[in-house]
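Before any comments, here is the structure.
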Amino acid sequence: MTASTASASTTTTHAPARVRLLLAVGMLAVSFAAVLIRTASAPALALAFWRSFGGAVALVPFAARDTVRPDAREIRAMLLSGTFLAVHFALFIGAFAYTSVASAVVFAATAPVFVGLGSWLFLGQPPTRRTWFGIGVAMAGAAVVAIADGGEGATGSNPLLGDLMSLGGSIAVSGYLVIGQRTRRRLTVATYGAWVYGTSAAVLLVVSLATGSALVGFDGTTWLAILGLLLGPQLLGHTIFNQVLNQVPATTVAVVVLSEPIGAGLLAFLLLGEVPPPLLALGGPLMLIGVFLAATGERRPAESVAPTG
């Protein structure tokens, strides 16, 4: 066996453990997003803009050193991906003004369902029976959560609106994940991230200016929360997920994100004293079980599945 072959073999052997570690770190990082958003006293568009802008600025120096440059098709894909990300951030962050942390993150975790449906509609990969069953279970869980958020004891000024906004953000992030899986096959995470985060920031800047949403003038606590969103959920969370998208399917990344409601809900309880409605304890897990069944039942090309062991 040659040295190069041995090196490649070693890399392949250790890649799954490294990927699992990266996904765990990314998941821990994004779990803090909800608490940081709750802590900040700034418009949702401002939080989304600074999170995207800061991520782009941090990656541009690394992207500038890349020898592989994106072609016209990849640039178009990244512009679309960045637009999806901007919509996701705006809706997801905005949802916290209306509903509880637990409800917002549970609805946001439905992304694998929409990744599967998107693969069917745009890639010609129809869902399996297991996927359809999982979608049905997730919808039943969503109905229970909606009932909980529509009754007494619900957290937020308009819980159902917040739930719908979070669901819309989930649909948007599924497009971001699917596009990222394809585009990241050739490009580095720095180049991909700089383009996508930059596009997201540009879209959010235009919308903020058009709507008169403030981007500056916040207190020190809010700026610290924005810095936390940048360093944690953005650079450690989203960038790590983008890093592994060329090694595992987009649905796998989305399934990992299913643990976010657990971490975010626990942090919201411990740090903010936020207690969700009792029915959420039934509807939330039901939604996550359905999403897991839907995602793990999806047909995937053999070459897109990360090696195990």
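Just remember, in the structure tokens the first chain shown is A, the second B, etc., residues are 1-based per chain, and ligands are 1-based in the order shown.
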If we count only C-alpha atoms, what is near segment 266-276 of chain A at a cut-off of 12 Å, once residues fewer than 5 positions away on the same chain are taken out, given as a PyMOL selection string?
chain A and resi 28-39+96+99-106+145+148-149+151-156+159+259-261+281-284
Would you save the residues from that selection as a PDB file, in the first residue's frame, using C-alpha atoms?
ATOM      1  CA  LEU A  28     -25.037  22.775  20.497  1.00  0.00           C
ATOM      2  CA  ALA A  29     -24.263  26.133  18.895  1.00  0.00           C
ATOM      3  CA  VAL A  30     -27.643  26.573  17.184  1.00  0.00           C
ATOM      4  CA  SER A  31     -29.479  25.575  20.378  1.00  0.00           C
ATOM      5  CA  PHE A  32     -28.394  28.915  21.892  1.00  0.00           C
ATOM      6  CA  ALA A  33     -29.976  30.914  19.052  1.00  0.00           C
ATOM      7  CA  ALA A  34     -33.437  31.092  20.623  1.00  0.00           C
ATOM      8  CA  VAL A  35     -32.199  32.400  23.978  1.00  0.00           C
ATOM      9  CA  LEU A  36     -29.946  34.967  22.299  1.00  0.00           C
ATOM     10  CA  ILE A  37     -32.819  36.158  20.102  1.00  0.00           C
ATOM     11  CA  ARG A  38     -35.055  36.482  23.159  1.00  0.00           C
ATOM     12  CA  THR A  39     -32.343  38.471  24.965  1.00  0.00           C
ATOM     13  CA  PHE A  96     -40.083  34.633  18.705  1.00  0.00           C
ATOM     14  CA  THR A  99     -44.813  32.494  20.197  1.00  0.00           C
ATOM     15  CA  SER A 100     -42.834  30.478  22.719  1.00  0.00           C
ATOM     16  CA  VAL A 101     -39.256  29.301  22.192  1.00  0.00           C
ATOM     17  CA  ALA A 102     -40.399  25.684  22.322  1.00  0.00           C
ATOM     18  CA  SER A 103     -43.113  26.125  19.674  1.00  0.00           C
ATOM     19  CA  ALA A 104     -40.897  28.181  17.363  1.00  0.00           C
ATOM     20  CA  VAL A 105     -38.043  25.681  17.329  1.00  0.00           C
ATOM     21  CA  VAL A 106     -40.357  22.657  17.006  1.00  0.00           C
ATOM     22  CA  VAL A 145     -49.247  22.164  19.044  1.00  0.00           C
ATOM     23  CA  ALA A 148     -52.029  24.211  22.566  1.00  0.00           C
ATOM     24  CA  ASP A 149     -50.961  27.597  21.218  1.00  0.00           C
ATOM     25  CA  GLY A 151     -55.720  27.921  24.096  1.00  0.00           C
ATOM     26  CA  GLU A 152     -55.176  29.364  27.540  1.00  0.00           C
ATOM     27  CA  GLY A 153     -51.673  29.389  28.959  1.00  0.00           C
ATOM     28  CA  ALA A 154     -50.008  29.852  25.571  1.00  0.00           C
ATOM     29  CA  THR A 155     -46.846  31.962  25.549  1.00  0.00           C
ATOM     30  CA  GLY A 156     -46.607  34.956  23.227  1.00  0.00           C
ATOM     31  CA  PRO A 159     -48.766  32.129  19.118  1.00  0.00           C
ATOM     32  CA  SER A 259     -32.411  17.846  18.652  1.00  0.00           C
ATOM     33  CA  GLU A 260     -32.475  21.652  18.657  1.00  0.00           C
ATOM     34  CA  PRO A 261     -35.972  21.905  20.208  1.00  0.00           C
ATOM     35  CA  ALA A 281     -45.349  18.039  25.654  1.00  0.00           C
ATOM     36  CA  LEU A 282     -47.536  15.755  23.485  1.00  0.00           C
ATOM     37  CA  GLY A 283     -47.571  17.590  20.172  1.00  0.00           C
ATOM     38  CA  GLY A 284     -43.872  18.516  20.096  1.00  0.00           C
TER      39      GLY A 284
END
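For Val113 of chain A, the set of protein, DNA and RNA residues having any atom at most 8 Å away, when counting only C-alpha atoms and skipping those fewer than 4 positions along the same chain, is Leu117, Ile135, Val291, Ala294 and Ala295 of chain A.
Considering only C-alpha atoms, the residue among A:Thr188, A:Ser200, A:Thr110, A:Ser213 positioned nearest to Ala63 of chain A is A:Thr188.
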Long-range neighbours of Tyr197 of chain A as number ranges by chain, 8 Å cut-off, only C-alpha atoms, 6 positions minimum in chain
A: 52-53, 55-56, 82, 85
Apply DSSP to the structure's backbone, then extract all residues of segment 111-202 of chain A labelled alpha helix (DSSP H) and return them as a PyMOL selection string.
chain A and resi 111-123+129-150+159-183+189-202
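Ranking A:Leu21, A:Val178, A:Leu230, A:Val207 by their shortest atom-to-atom distance to Ala86 of chain A, with only C-alpha atoms included, puts A:Val207 first.
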Please provide the set of residues having any atom within 12 Å of Gly180 of chain A, restricted to only C-alpha atoms, with same-chain residues fewer than 6 positions apart removed, written as a ChimeraX atom specification.
/A:74-82,84-85,115,173-174,186-189,191-193,195-196,238-239,241-251,253
With a distance cut-off of 10 Å and only C-alpha atoms, select the neighbouring residues of Gly136 of chain A, excluding the residue or stretch itself and same-chain residues fewer than 6 positions from it, and output the selection as number ranges by chain.
A: 130, 142, 287, 290-291, 293-294
Same residues, N, CA and C atoms, output as a PDB file, in the first residue's frame:
ATOM      1  N   ARG A 130     -42.911   5.034   4.195  1.00  0.00           N
ATOM      2  CA  ARG A 130     -42.457   5.455   5.525  1.00  0.00           C
ATOM      3  C   ARG A 130     -42.419   6.976   5.619  1.00  0.00           C
ATOM      4  N   ALA A 142     -48.351  18.686  14.712  1.00  0.00           N
ATOM      5  CA  ALA A 142     -48.486  20.125  14.482  1.00  0.00           C
ATOM      6  C   ALA A 142     -49.880  20.611  14.864  1.00  0.00           C
ATOM      7  N   MET A 287     -44.503  15.581  16.641  1.00  0.00           N
ATOM      8  CA  MET A 287     -43.973  16.211  15.426  1.00  0.00           C
ATOM      9  C   MET A 287     -42.565  15.719  15.116  1.00  0.00           C
ATOM     10  N   GLY A 290     -42.525  12.172  13.820  1.00  0.00           N
ATOM     11  CA  GLY A 290     -42.971  12.141  12.431  1.00  0.00           C
ATOM     12  C   GLY A 290     -41.911  12.642  11.479  1.00  0.00           C
ATOM     13  N   VAL A 291     -41.229  13.721  11.866  1.00  0.00           N
ATOM     14  CA  VAL A 291     -40.167  14.262  11.016  1.00  0.00           C
ATOM     15  C   VAL A 291     -39.030  13.254  10.880  1.00  0.00           C
ATOM     16  N   LEU A 293     -39.245   9.950  11.091  1.00  0.00           N
ATOM     17  CA  LEU A 293     -39.696   8.867  10.214  1.00  0.00           C
ATOM     18  C   LEU A 293     -39.689   9.309   8.750  1.00  0.00           C
ATOM     19  N   ALA A 294     -40.140  10.544   8.511  1.00  0.00           N
ATOM     20  CA  ALA A 294     -40.179  11.054   7.142  1.00  0.00           C
ATOM     21  C   ALA A 294     -38.782  11.182   6.554  1.00  0.00           C
TER      22      ALA A 294
END
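Considering only C-alpha atoms, the residue among A:Trp120, A:Trp50, A:Trp223, A:Phe107 positioned nearest to Leu91 of chain A is A:Phe107.
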To one decimal in Å, tell me the separation between atom CA of Leu229 of chain A and atom CA of Phe49 of chain A.
11.1 Å
